[in-house]
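One structure is given below, encoded as structure tokens.
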Amino acid sequence: MTEPKLNLVGGQWVAGDATPNINPSDTSDIVGHYARATADQARDAIAAAKAAFPAWSRTTPLERHAILRRASDEILARKEELGRLLSREEGKTLAEGIGETVRAAQIFDYFAGECLRPEGELLPSVRPGVGVEITREAIGVVGIITPWNFPIAIPAWKIAPALCHGNTIVFKPADLVPGCAWALVDILHRAGLPDGVLNLVMGRGSVVGKAIVESPDVAALTFTGSQPTGAALAVQSAHLMRKAQMEMGGKNPFVVLADADLDVAADCVINGAFFSTGQRCTASSRIIVEEEIHDQFVAKLAEQMSALRVGHALSEDTQIGPVVDESQLTQNEAYIEIGKSEGARLVGGGHRVERDTKGFFQMPALFADCTNDMRIAREEIFGPVASVIPVRDYDTALAVANDTEFGLSAGIATTSLKYATHFKRNAEAGMVMVNLPTAGVDFHVPFGGRKASSYGPREQGRYAAEFFTTVKTAYTAA
Ligand code: UN1
């Protein structure tokens with residue numbers, strides 16, 4: 001067994017049950033051993049974060065900037081190594097792993113800059129002889145709970161703004177992918193964060209997550225993960241009068257109009273639905289296609305899909321890595337059966353494939369002849385499975401796109417300015433993509449959705465301040 005990587009509590013690395021981190025491309029490959037924290041350690045971490053808050057929240061913008069900059073530089077300098085670690089523990093391809101690592105570096109770079117752009121307003125009162133100042137203050141201890149599908153980017157886009165705005169952190173990464181989380185915390189610790197400002201507690205939601213979400217000392221909670229968990233955490237946060245930011249599921253539509261450039265449309269669908277093994281909350285899972293081009297488009301997709309290379313995440317020619325683990329793969333397969341039993345036509349894919357190593361390999365699956373009321377068109381599958389829904393015209397396409405409990409991302413392929421403009425205005429989603437995949441977003445602009453997809457203020461870019469600060473209005477008699 002390799003020396004286990006430990007949790008960071010109050011600036012000390014503390015031991016816990018060492019658990020193997022297994023490579024989904026090759027289950028005989030142990031990425032490393034990581035200590036699972038206990039509930040008591042999580043509580044110690046919260047206490048440490050609380051104790052560190054007064055001093056950290058009063059550091060100068062320049063002090064915080066320097067630390068975030070150093071972290072960004074180190075992540076970028078180590079992008080090959082960290083990208084490889086990411087692909088090894090999560091299963092996305094090496095190109096995707098390195099790309100995500102670069103994105104994490106860019107996020108720290110962006111928020112290093114944000115440290116130097118504090119905002120405030122100074123204005124006259126409506127009363128004579130009184131001045132008003134509006135400032136933003138740090139909130140306190142932020143609980144950060146992240147999913148397994150973006151092991152470095154999502155921790156980065158929660159940790160960077162939390163630190164930038166002067167908060168302290170208790171961070172629980174997904175149990176399946178502690179590797180990148182540990183590396184990121186190690187980098188920030190060495191970059192000069194004072195003890196207790198960033199605490200790492202790896203482990204299970206039922207133990208570590210529970211201790212965090214139940215603590216009244218956690219002043220704000222930011223979570224990305226499944227819809228039912230996020231909804232429960234939002235309710236619990238309301239009871240504690242705590243700020244909550246929940247990024248949950250999606251059932252993202254991608255509309256293909258008859259006037260679309262079908263090469264562009266097919267690229268958007270293949271990328272949006274199947275890259276990163278479909279394991280993105282922004283993945284396109286409902287492909288809504290105008291009847292006029294339906295058969296031609298489905299045939300085109302089927303042809304491109306059969307050429308997709310599924311395999312070991314670290315093999316150079318792999319385009320789609322494995323599913324993250326056995327239970328996710330079993331769930332994907334269950335949905336394939338549900339789709340068939342609902343009367344959808346499986347155009348291709350969905351079956352397990354064997355490779356040189358033992359991993360969770362599944363061919364991407366496409367269903368045709370779907371209706372929007374089928375379970376495969378309503379429930380988030382979180383795997384490489386997409387459903388094609390034929391529609392008569394644009395108006396029906398828009399109605400079907402919006403007929404979902406979710407509202408994260410919505411895409412359209414069209415060459416018509418009229419339809420593109422109408423779709424941008426009328427899609428009930430937080431993010432709209434025209435001739436681009438529904439997944440794959442910039443780091444400097446708001447991220448988030450509507451309806452059951454998101455709860456609370458947007459993440460990323462300047463808008464992150466809405467969640468990571470609280471506004472103060474101060475009146476002074478002259
Ligand atoms: C992206 O599409 O680039 O968990 C990011 C997720 C999202 C991130 C998607 N929160 O899949």
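So you can find residues: chains in the structure tokens are A, B, ... in the order shown, residues in each start at 1, and ligands are numbered from 1 in order.
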
**Prompt:** Can you list, as number ranges by chain, every protein, DNA or RNA residue that comes within 7 Å of A:Ala427 when you count only C-alpha atoms, leaving out same-chain residues fewer than 6 positions away?
**Reply:** A: 398, 402, 410

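These are the residues of stretch 46-134 of chain A assigned strand (DSSP E) by DSSP from backbone coordinates: A:Gly120, A:Glu121, A:Leu122, A:Leu123, A:Pro124, A:Val130, A:Gly131, A:Val132, A:Glu133, A:Ile134.
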
**Prompt:** Counting only C-alpha atoms and all ligand atoms, which protein, DNA or RNA residues come within 8 Å of ligand 1, given as a list in words?
**Reply:**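 Within the 8 Å cut-off, the matching residues are Pro147, Asn149, Phe150, Ile154, Thr224, Gly225, Glu247, Met248, Gly249, Gln279, Arg280, Cys281, Thr282, Ala283, Thr438, Ala439, Gly440, Val441, Asp442 and Gly448 of chain A.
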
Would you save the residues from that selection as a tab-separated table (two decimals), in the first residue's frame, using N, CA, C and O atoms?
chain	number	residue	atom	x	y	z
A	147	PRO	N	-18.85	17.10	-6.64
A	147	PRO	CA	-19.15	15.80	-7.25
A	147	PRO	C	-17.91	15.16	-7.87
A	147	PRO	O	-16.85	15.78	-7.93
A	149	ASN	N	-17.57	14.23	-11.08
A	149	ASN	CA	-17.41	14.31	-12.55
A	149	ASN	C	-16.44	15.40	-13.02
A	149	ASN	O	-15.96	15.35	-14.14
A	150	PHE	N	-16.20	16.41	-12.18
A	150	PHE	CA	-15.16	17.41	-12.49
A	150	PHE	C	-14.26	17.51	-11.26
A	150	PHE	O	-14.42	18.42	-10.44
A	154	ILE	N	-14.53	21.85	-10.58
A	154	ILE	CA	-15.61	22.28	-9.67
A	154	ILE	C	-15.05	22.68	-8.30
A	154	ILE	O	-15.39	23.76	-7.79
A	224	THR	N	-22.53	20.79	-5.51
A	224	THR	CA	-22.88	20.33	-6.86
A	224	THR	C	-23.03	18.83	-6.78
A	224	THR	O	-22.14	18.14	-6.25
A	225	GLY	N	-24.15	18.33	-7.31
A	225	GLY	CA	-24.39	16.90	-7.24
A	225	GLY	C	-25.80	16.58	-7.68
A	225	GLY	O	-26.39	17.32	-8.48
A	247	GLU	N	-26.11	23.25	-7.23
A	247	GLU	CA	-26.08	22.96	-8.67
A	247	GLU	C	-26.42	21.49	-8.84
A	247	GLU	O	-25.68	20.64	-8.35
A	248	MET	N	-27.51	21.24	-9.50
A	248	MET	CA	-28.00	19.85	-9.53
A	248	MET	C	-28.08	19.32	-10.96
A	248	MET	O	-27.20	19.58	-11.75
A	249	GLY	N	-29.12	18.64	-11.26
A	249	GLY	CA	-29.14	17.91	-12.53
A	249	GLY	C	-29.52	18.72	-13.74
A	249	GLY	O	-29.74	19.93	-13.68
A	279	GLN	N	-21.10	12.26	-18.65
A	279	GLN	CA	-21.22	12.48	-17.21
A	279	GLN	C	-21.06	13.96	-16.86
A	279	GLN	O	-20.17	14.35	-16.11
A	280	ARG	N	-21.93	14.76	-17.45
A	280	ARG	CA	-21.91	16.20	-17.17
A	280	ARG	C	-23.35	16.64	-16.95
A	280	ARG	O	-24.25	16.20	-17.69
A	281	CYS	N	-23.54	17.52	-15.98
A	281	CYS	CA	-24.92	17.98	-15.77
A	281	CYS	C	-25.37	18.86	-16.94
A	281	CYS	O	-26.55	19.09	-17.11
A	282	THR	N	-24.43	19.28	-17.77
A	282	THR	CA	-24.75	20.08	-18.95
A	282	THR	C	-24.88	19.22	-20.21
A	282	THR	O	-25.04	19.75	-21.31
A	283	ALA	N	-24.78	17.90	-20.08
A	283	ALA	CA	-24.83	17.02	-21.26
A	283	ALA	C	-26.16	17.16	-21.99
A	283	ALA	O	-27.21	17.37	-21.39
A	438	THR	N	-24.28	21.82	-25.64
A	438	THR	CA	-24.87	22.32	-24.38
A	438	THR	C	-23.85	22.30	-23.24
A	438	THR	O	-24.01	23.01	-22.25
A	439	ALA	N	-22.83	21.46	-23.37
A	439	ALA	CA	-21.80	21.36	-22.32
A	439	ALA	C	-20.54	22.09	-22.77
A	439	ALA	O	-20.29	22.24	-23.97
A	440	GLY	N	-19.75	22.50	-21.77
A	440	GLY	CA	-18.49	23.17	-22.09
A	440	GLY	C	-18.71	24.67	-21.96
A	440	GLY	O	-19.18	25.32	-22.88
A	441	VAL	N	-18.38	25.19	-20.77
A	441	VAL	CA	-18.69	26.60	-20.50
A	441	VAL	C	-17.41	27.38	-20.17
A	441	VAL	O	-16.39	26.80	-19.83
A	442	ASP	N	-17.50	28.69	-20.28
A	442	ASP	CA	-16.38	29.57	-19.93
A	442	ASP	C	-16.30	29.74	-18.41
A	442	ASP	O	-17.30	29.57	-17.72
A	448	GLY	N	-25.12	28.42	-14.20
A	448	GLY	CA	-26.22	27.97	-13.35
A	448	GLY	C	-27.48	27.85	-14.16
A	448	GLY	O	-27.52	28.23	-15.33

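Using only C-alpha atoms, the contacts of A:Gly11 at a cut-off of 8 Å, with sequence neighbours closer than 5 positions omitted, comprise His189, Pro194, Asp195, Gly196 and Asn199 of chain A.
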
Take the residues just selected and output them with N, CA, C and O atoms as a JSON list (two decimals), in the first residue's frame.
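The file below, part_38.json, is the result:
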[["chain", "number", "residue", "atom", "x", "y", "z"],
["A", 189, "HIS", "N", -2.23, 24.99, 0.32],
["A", 189, "HIS", "CA", -1.61, 25.01, 1.64],
["A", 189, "HIS", "C", -0.17, 25.53, 1.51],
["A", 189, "HIS", "O", 0.24, 26.45, 2.23],
["A", 194, "PRO", "N", -3.01, 30.57, 5.59],
["A", 194, "PRO", "CA", -2.85, 30.37, 7.03],
["A", 194, "PRO", "C", -3.61, 29.11, 7.50],
["A", 194, "PRO", "O", -4.60, 28.72, 6.88],
["A", 195, "ASP", "N", -3.15, 28.54, 8.58],
["A", 195, "ASP", "CA", -3.79, 27.32, 9.11],
["A", 195, "ASP", "C", -5.28, 27.55, 9.36],
["A", 195, "ASP", "O", -5.67, 28.59, 9.90],
["A", 196, "GLY", "N", -6.06, 26.57, 8.97],
["A", 196, "GLY", "CA", -7.50, 26.62, 9.24],
["A", 196, "GLY", "C", -8.33, 27.31, 8.17],
["A", 196, "GLY", "O", -9.56, 27.21, 8.18],
["A", 199, "ASN", "N", -9.76, 23.66, 4.90],
["A", 199, "ASN", "CA", -9.68, 22.35, 5.54],
["A", 199, "ASN", "C", -10.22, 21.30, 4.59],
["A", 199, "ASN", "O", -11.26, 21.52, 3.94]]

**Exercise: A:Arg43 partners within 9 Å, only C-alpha atoms, chain neighbours under 3 positions left out, as a ChimeraX atom specification** = /A:38-40,46-48,208,211-212,215

**Request:** Name the closest residue to A:Glu466 among the candidates A:Leu308, A:Ile98, A:Val126, A:Ala244; distances are taken between atoms, counting only C-alpha atoms.
**Result:**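 Among the listed residues, the smallest separation from A:Glu466 belongs to A:Ala244.
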
**Message:** Using only C-alpha atoms, can you tell me which of A:Asp295, A:Glu379, A:Glu214, A:Glu89 comes closest to A:Ala313?
**Reply:**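 For A:Ala313, the nearest of the given residues is A:Glu89.
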
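Among A:Pro390, A:Pro155, A:Pro124, A:Pro322, the residue with the shortest atom-to-atom distance to A:Ile288, counting only C-alpha atoms, is A:Pro390.
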
Applying 12 Å and only C-alpha atoms, which residues near A:Glu137 remain after dropping the ones on its own chain fewer than 5 positions away? List them as a PDB file with all heavy atoms, in the first residue's frame.
ATOM      1  N   PHE A  53     -11.349  32.484  10.571  1.00  0.00           N
ATOM      2  CA  PHE A  53     -12.096  33.466   9.774  1.00  0.00           C
ATOM      3  C   PHE A  53     -11.781  34.939  10.082  1.00  0.00           C
ATOM      4  O   PHE A  53     -11.547  35.717   9.149  1.00  0.00           O
ATOM      5  CB  PHE A  53     -13.610  33.193   9.887  1.00  0.00           C
ATOM      6  CG  PHE A  53     -14.433  34.207   9.150  1.00  0.00           C
ATOM      7  CD1 PHE A  53     -14.447  34.242   7.755  1.00  0.00           C
ATOM      8  CD2 PHE A  53     -15.177  35.168   9.838  1.00  0.00           C
ATOM      9  CE1 PHE A  53     -15.183  35.189   7.067  1.00  0.00           C
ATOM     10  CE2 PHE A  53     -15.915  36.123   9.156  1.00  0.00           C
ATOM     11  CZ  PHE A  53     -15.916  36.136   7.766  1.00  0.00           C
ATOM     12  N   PRO A  54     -11.774  35.352  11.370  1.00  0.00           N
ATOM     13  CA  PRO A  54     -11.596  36.798  11.601  1.00  0.00           C
ATOM     14  C   PRO A  54     -10.316  37.334  10.961  1.00  0.00           C
ATOM     15  O   PRO A  54     -10.355  38.383  10.290  1.00  0.00           O
ATOM     16  CB  PRO A  54     -11.545  36.904  13.134  1.00  0.00           C
ATOM     17  CG  PRO A  54     -12.286  35.699  13.618  1.00  0.00           C
ATOM     18  CD  PRO A  54     -11.992  34.613  12.616  1.00  0.00           C
ATOM     19  N   TRP A  56      -8.429  35.923   8.495  1.00  0.00           N
ATOM     20  CA  TRP A  56      -8.406  35.756   7.036  1.00  0.00           C
ATOM     21  C   TRP A  56      -9.310  36.787   6.340  1.00  0.00           C
ATOM     22  O   TRP A  56      -8.943  37.353   5.315  1.00  0.00           O
ATOM     23  CB  TRP A  56      -8.828  34.334   6.662  1.00  0.00           C
ATOM     24  CG  TRP A  56      -8.904  34.129   5.171  1.00  0.00           C
ATOM     25  CD1 TRP A  56     -10.024  33.929   4.427  1.00  0.00           C
ATOM     26  CD2 TRP A  56      -7.816  34.114   4.245  1.00  0.00           C
ATOM     27  NE1 TRP A  56      -9.706  33.799   3.099  1.00  0.00           N
ATOM     28  CE2 TRP A  56      -8.354  33.901   2.956  1.00  0.00           C
ATOM     29  CE3 TRP A  56      -6.420  34.257   4.372  1.00  0.00           C
ATOM     30  CZ2 TRP A  56      -7.565  33.836   1.814  1.00  0.00           C
ATOM     31  CZ3 TRP A  56      -5.640  34.189   3.219  1.00  0.00           C
ATOM     32  CH2 TRP A  56      -6.205  33.978   1.969  1.00  0.00           C
ATOM     33  N   SER A  57     -10.456  37.048   6.924  1.00  0.00           N
ATOM     34  CA  SER A  57     -11.385  37.974   6.269  1.00  0.00           C
ATOM     35  C   SER A  57     -10.833  39.402   6.282  1.00  0.00           C
ATOM     36  O   SER A  57     -11.313  40.263   5.544  1.00  0.00           O
ATOM     37  CB  SER A  57     -12.763  37.918   6.935  1.00  0.00           C
ATOM     38  OG  SER A  57     -12.656  38.291   8.294  1.00  0.00           O
ATOM     39  N   ARG A  58      -9.826  39.631   7.118  1.00  0.00           N
ATOM     40  CA  ARG A  58      -9.233  40.971   7.184  1.00  0.00           C
ATOM     41  C   ARG A  58      -7.892  41.056   6.452  1.00  0.00           C
ATOM     42  O   ARG A  58      -7.218  42.084   6.511  1.00  0.00           O
ATOM     43  CB  ARG A  58      -9.055  41.404   8.642  1.00  0.00           C
ATOM     44  CG  ARG A  58     -10.370  41.844   9.242  1.00  0.00           C
ATOM     45  CD  ARG A  58     -10.291  42.148  10.721  1.00  0.00           C
ATOM     46  NE  ARG A  58     -11.588  42.637  11.174  1.00  0.00           N
ATOM     47  CZ  ARG A  58     -12.658  41.885  11.379  1.00  0.00           C
ATOM     48  NH1 ARG A  58     -12.603  40.582  11.172  1.00  0.00           N
ATOM     49  NH2 ARG A  58     -13.800  42.422  11.777  1.00  0.00           N
ATOM     50  N   PRO A 118     -11.968  44.909  -5.618  1.00  0.00           N
ATOM     51  CA  PRO A 118     -13.084  44.971  -4.670  1.00  0.00           C
ATOM     52  C   PRO A 118     -14.054  46.069  -5.101  1.00  0.00           C
ATOM     53  O   PRO A 118     -13.641  47.064  -5.696  1.00  0.00           O
ATOM     54  CB  PRO A 118     -12.411  45.311  -3.340  1.00  0.00           C
ATOM     55  CG  PRO A 118     -11.084  45.860  -3.678  1.00  0.00           C
ATOM     56  CD  PRO A 118     -10.696  45.346  -5.024  1.00  0.00           C
ATOM     57  N   GLU A 119     -15.315  45.850  -4.804  1.00  0.00           N
ATOM     58  CA  GLU A 119     -16.326  46.813  -5.240  1.00  0.00           C
ATOM     59  C   GLU A 119     -17.042  47.409  -4.051  1.00  0.00           C
ATOM     60  O   GLU A 119     -17.148  46.793  -3.001  1.00  0.00           O
ATOM     61  CB  GLU A 119     -17.363  46.112  -6.126  1.00  0.00           C
ATOM     62  CG  GLU A 119     -16.827  45.811  -7.500  1.00  0.00           C
ATOM     63  CD  GLU A 119     -17.883  45.182  -8.389  1.00  0.00           C
ATOM     64  OE1 GLU A 119     -19.029  44.997  -7.930  1.00  0.00           O
ATOM     65  OE2 GLU A 119     -17.546  44.888  -9.548  1.00  0.00           O
ATOM     66  N   GLY A 120     -17.526  48.613  -4.227  1.00  0.00           N
ATOM     67  CA  GLY A 120     -18.341  49.242  -3.207  1.00  0.00           C
ATOM     68  C   GLY A 120     -18.979  50.478  -3.796  1.00  0.00           C
ATOM     69  O   GLY A 120     -18.617  50.897  -4.892  1.00  0.00           O
ATOM     70  N   ALA A 162     -14.446  31.571  -2.922  1.00  0.00           N
ATOM     71  CA  ALA A 162     -14.625  31.594  -1.463  1.00  0.00           C
ATOM     72  C   ALA A 162     -13.427  32.281  -0.809  1.00  0.00           C
ATOM     73  O   ALA A 162     -13.583  33.150   0.054  1.00  0.00           O
ATOM     74  CB  ALA A 162     -14.800  30.175  -0.920  1.00  0.00           C
ATOM     75  N   CYS A 164     -11.112  34.226  -2.360  1.00  0.00           N
ATOM     76  CA  CYS A 164     -10.998  35.585  -2.903  1.00  0.00           C
ATOM     77  C   CYS A 164     -11.819  36.568  -2.073  1.00  0.00           C
ATOM     78  O   CYS A 164     -11.369  37.669  -1.768  1.00  0.00           O
ATOM     79  CB  CYS A 164     -11.473  35.562  -4.354  1.00  0.00           C
ATOM     80  SG  CYS A 164     -11.881  37.160  -5.048  1.00  0.00           S
ATOM     81  N   HIS A 165     -13.021  36.145  -1.691  1.00  0.00           N
ATOM     82  CA  HIS A 165     -13.913  37.055  -0.968  1.00  0.00           C
ATOM     83  C   HIS A 165     -13.744  36.974   0.548  1.00  0.00           C
ATOM     84  O   HIS A 165     -14.547  37.542   1.283  1.00  0.00           O
ATOM     85  CB  HIS A 165     -15.360  36.814  -1.392  1.00  0.00           C
ATOM     86  CG  HIS A 165     -15.602  37.182  -2.832  1.00  0.00           C
ATOM     87  ND1 HIS A 165     -15.493  38.474  -3.284  1.00  0.00           N
ATOM     88  CD2 HIS A 165     -15.903  36.431  -3.920  1.00  0.00           C
ATOM     89  CE1 HIS A 165     -15.740  38.508  -4.602  1.00  0.00           C
ATOM     90  NE2 HIS A 165     -15.988  37.284  -5.005  1.00  0.00           N
ATOM     91  N   GLY A 166     -12.703  36.256   1.017  1.00  0.00           N
ATOM     92  CA  GLY A 166     -12.352  36.322   2.433  1.00  0.00           C
ATOM     93  C   GLY A 166     -13.014  35.302   3.345  1.00  0.00           C
ATOM     94  O   GLY A 166     -13.014  35.472   4.564  1.00  0.00           O
ATOM     95  N   ASN A 167     -13.551  34.239   2.763  1.00  0.00           N
ATOM     96  CA  ASN A 167     -14.186  33.206   3.587  1.00  0.00           C
ATOM     97  C   ASN A 167     -13.197  32.094   3.940  1.00  0.00           C
ATOM     98  O   ASN A 167     -12.172  31.925   3.273  1.00  0.00           O
ATOM     99  CB  ASN A 167     -15.347  32.573   2.809  1.00  0.00           C
ATOM    100  CG  ASN A 167     -16.374  33.599   2.415  1.00  0.00           C
ATOM    101  OD1 ASN A 167     -17.136  34.073   3.243  1.00  0.00           O
ATOM    102  ND2 ASN A 167     -16.363  33.984   1.144  1.00  0.00           N
ATOM    103  N   ALA A 465     -19.684  36.601  -6.517  1.00  0.00           N
ATOM    104  CA  ALA A 465     -19.739  37.454  -5.321  1.00  0.00           C
ATOM    105  C   ALA A 465     -21.125  37.440  -4.675  1.00  0.00           C
ATOM    106  O   ALA A 465     -21.259  37.633  -3.461  1.00  0.00           O
ATOM    107  CB  ALA A 465     -19.354  38.892  -5.680  1.00  0.00           C
ATOM    108  N   GLU A 466     -22.146  37.182  -5.465  1.00  0.00           N
ATOM    109  CA  GLU A 466     -23.511  37.141  -4.904  1.00  0.00           C
ATOM    110  C   GLU A 466     -23.626  36.089  -3.810  1.00  0.00           C
ATOM    111  O   GLU A 466     -24.300  36.289  -2.809  1.00  0.00           O
ATOM    112  CB  GLU A 466     -24.533  36.830  -6.003  1.00  0.00           C
ATOM    113  CG  GLU A 466     -24.780  37.965  -6.957  1.00  0.00           C
ATOM    114  CD  GLU A 466     -25.236  39.224  -6.253  1.00  0.00           C
ATOM    115  OE1 GLU A 466     -26.110  39.128  -5.368  1.00  0.00           O
ATOM    116  OE2 GLU A 466     -24.685  40.295  -6.569  1.00  0.00           O
ATOM    117  N   PHE A 467     -22.974  34.967  -4.039  1.00  0.00           N
ATOM    118  CA  PHE A 467     -23.050  33.913  -3.032  1.00  0.00           C
ATOM    119  C   PHE A 467     -21.980  34.049  -1.961  1.00  0.00           C
ATOM    120  O   PHE A 467     -22.238  33.857  -0.772  1.00  0.00           O
ATOM    121  CB  PHE A 467     -22.941  32.524  -3.693  1.00  0.00           C
ATOM    122  CG  PHE A 467     -22.959  31.416  -2.675  1.00  0.00           C
ATOM    123  CD1 PHE A 467     -24.136  31.091  -2.008  1.00  0.00           C
ATOM    124  CD2 PHE A 467     -21.810  30.722  -2.347  1.00  0.00           C
ATOM    125  CE1 PHE A 467     -24.162  30.098  -1.039  1.00  0.00           C
ATOM    126  CE2 PHE A 467     -21.816  29.732  -1.382  1.00  0.00           C
ATOM    127  CZ  PHE A 467     -23.000  29.417  -0.723  1.00  0.00           C
ATOM    128  N   PHE A 468     -20.766  34.396  -2.367  1.00  0.00           N
ATOM    129  CA  PHE A 468     -19.638  34.333  -1.431  1.00  0.00           C
ATOM    130  C   PHE A 468     -19.437  35.603  -0.601  1.00  0.00           C
ATOM    131  O   PHE A 468     -18.457  35.697   0.137  1.00  0.00           O
ATOM    132  CB  PHE A 468     -18.350  33.958  -2.178  1.00  0.00           C
ATOM    133  CG  PHE A 468     -18.348  32.511  -2.627  1.00  0.00           C
ATOM    134  CD1 PHE A 468     -18.605  32.170  -3.947  1.00  0.00           C
ATOM    135  CD2 PHE A 468     -18.124  31.488  -1.721  1.00  0.00           C
ATOM    136  CE1 PHE A 468     -18.630  30.840  -4.354  1.00  0.00           C
ATOM    137  CE2 PHE A 468     -18.143  30.162  -2.112  1.00  0.00           C
ATOM    138  CZ  PHE A 468     -18.399  29.832  -3.427  1.00  0.00           C
ATOM    139  N   THR A 469     -20.342  36.566  -0.740  1.00  0.00           N
ATOM    140  CA  THR A 469     -20.275  37.747   0.124  1.00  0.00           C
ATOM    141  C   THR A 469     -21.670  38.076   0.627  1.00  0.00           C
ATOM    142  O   THR A 469     -22.673  37.606   0.089  1.00  0.00           O
ATOM    143  CB  THR A 469     -19.757  39.002  -0.628  1.00  0.00           C
ATOM    144  OG1 THR A 469     -20.701  39.349  -1.647  1.00  0.00           O
ATOM    145  CG2 THR A 469     -18.397  38.793  -1.243  1.00  0.00           C
ATOM    146  N   THR A 470     -21.698  38.918   1.627  1.00  0.00           N
ATOM    147  CA  THR A 470     -22.973  39.462   2.082  1.00  0.00           C
ATOM    148  C   THR A 470     -22.852  40.991   2.025  1.00  0.00           C
ATOM    149  O   THR A 470     -21.772  41.540   2.260  1.00  0.00           O
ATOM    150  CB  THR A 470     -23.347  38.933   3.480  1.00  0.00           C
ATOM    151  OG1 THR A 470     -24.603  39.507   3.862  1.00  0.00           O
ATOM    152  CG2 THR A 470     -22.297  39.245   4.524  1.00  0.00           C
ATOM    153  N   VAL A 471     -23.927  41.647   1.675  1.00  0.00           N
ATOM    154  CA  VAL A 471     -23.891  43.087   1.433  1.00  0.00           C
ATOM    155  C   VAL A 471     -24.167  43.847   2.728  1.00  0.00           C
ATOM    156  O   VAL A 471     -25.029  43.456   3.513  1.00  0.00           O
ATOM    157  CB  VAL A 471     -24.938  43.468   0.363  1.00  0.00           C
ATOM    158  CG1 VAL A 471     -25.073  44.984   0.242  1.00  0.00           C
ATOM    159  CG2 VAL A 471     -24.580  42.841  -0.977  1.00  0.00           C
ATOM    160  N   LYS A 472     -23.386  44.903   2.960  1.00  0.00           N
ATOM    161  CA  LYS A 472     -23.631  45.758   4.119  1.00  0.00           C
ATOM    162  C   LYS A 472     -23.906  47.185   3.658  1.00  0.00           C
ATOM    163  O   LYS A 472     -23.217  47.710   2.776  1.00  0.00           O
ATOM    164  CB  LYS A 472     -22.412  45.771   5.058  1.00  0.00           C
ATOM    165  CG  LYS A 472     -22.608  46.686   6.253  1.00  0.00           C
ATOM    166  CD  LYS A 472     -21.472  46.556   7.265  1.00  0.00           C
ATOM    167  CE  LYS A 472     -21.688  45.351   8.167  1.00  0.00           C
ATOM    168  NZ  LYS A 472     -20.525  45.126   9.059  1.00  0.00           N
ATOM    169  N   THR A 473     -24.908  47.804   4.249  1.00  0.00           N
ATOM    170  CA  THR A 473     -25.233  49.194   3.959  1.00  0.00           C
ATOM    171  C   THR A 473     -24.967  49.996   5.235  1.00  0.00           C
ATOM    172  O   THR A 473     -25.594  49.729   6.255  1.00  0.00           O
ATOM    173  CB  THR A 473     -26.735  49.317   3.565  1.00  0.00           C
ATOM    174  OG1 THR A 473     -27.034  48.286   2.613  1.00  0.00           O
ATOM    175  CG2 THR A 473     -27.034  50.672   2.969  1.00  0.00           C
TER     176      THR A 473
END

**Message:** To test your reading of the structure, identify every residue in stretch 123-298 of chain A that backbone DSSP assigns to alpha helix (DSSP H), and report it as a ChimeraX atom specification.
**Reply:** /A:153-164,178-190,210-214,227-239,262-274,291-298

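Distances to A:Ser315 were evaluated for A:Ala181, A:Ile159, A:Ala95, A:Ile338 using only C-alpha atoms, and the minimum falls at A:Ala95.
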
**Message:** Give me, as number ranges by chain, all polymer residues having an atom no more than 7 Å from A:Ala464, counting only C-alpha atoms and skipping those fewer than 5 positions away in the same chain.
**Reply:** A: 161, 458-459

**Prompt:** What does the distance from atom CA of A:Ala234 to atom CA of A:Ile144 come to in Å, to one decimal?
**Reply:**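 Interatomic distance, atom CA of A:Ala234 to atom CA of A:Ile144: 13.6 Å.
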
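Closest approach to A:Lys340 among A:Leu366, A:Cys115, A:Ile187, A:Val324 is made by A:Leu366 (distances from only C-alpha atoms).
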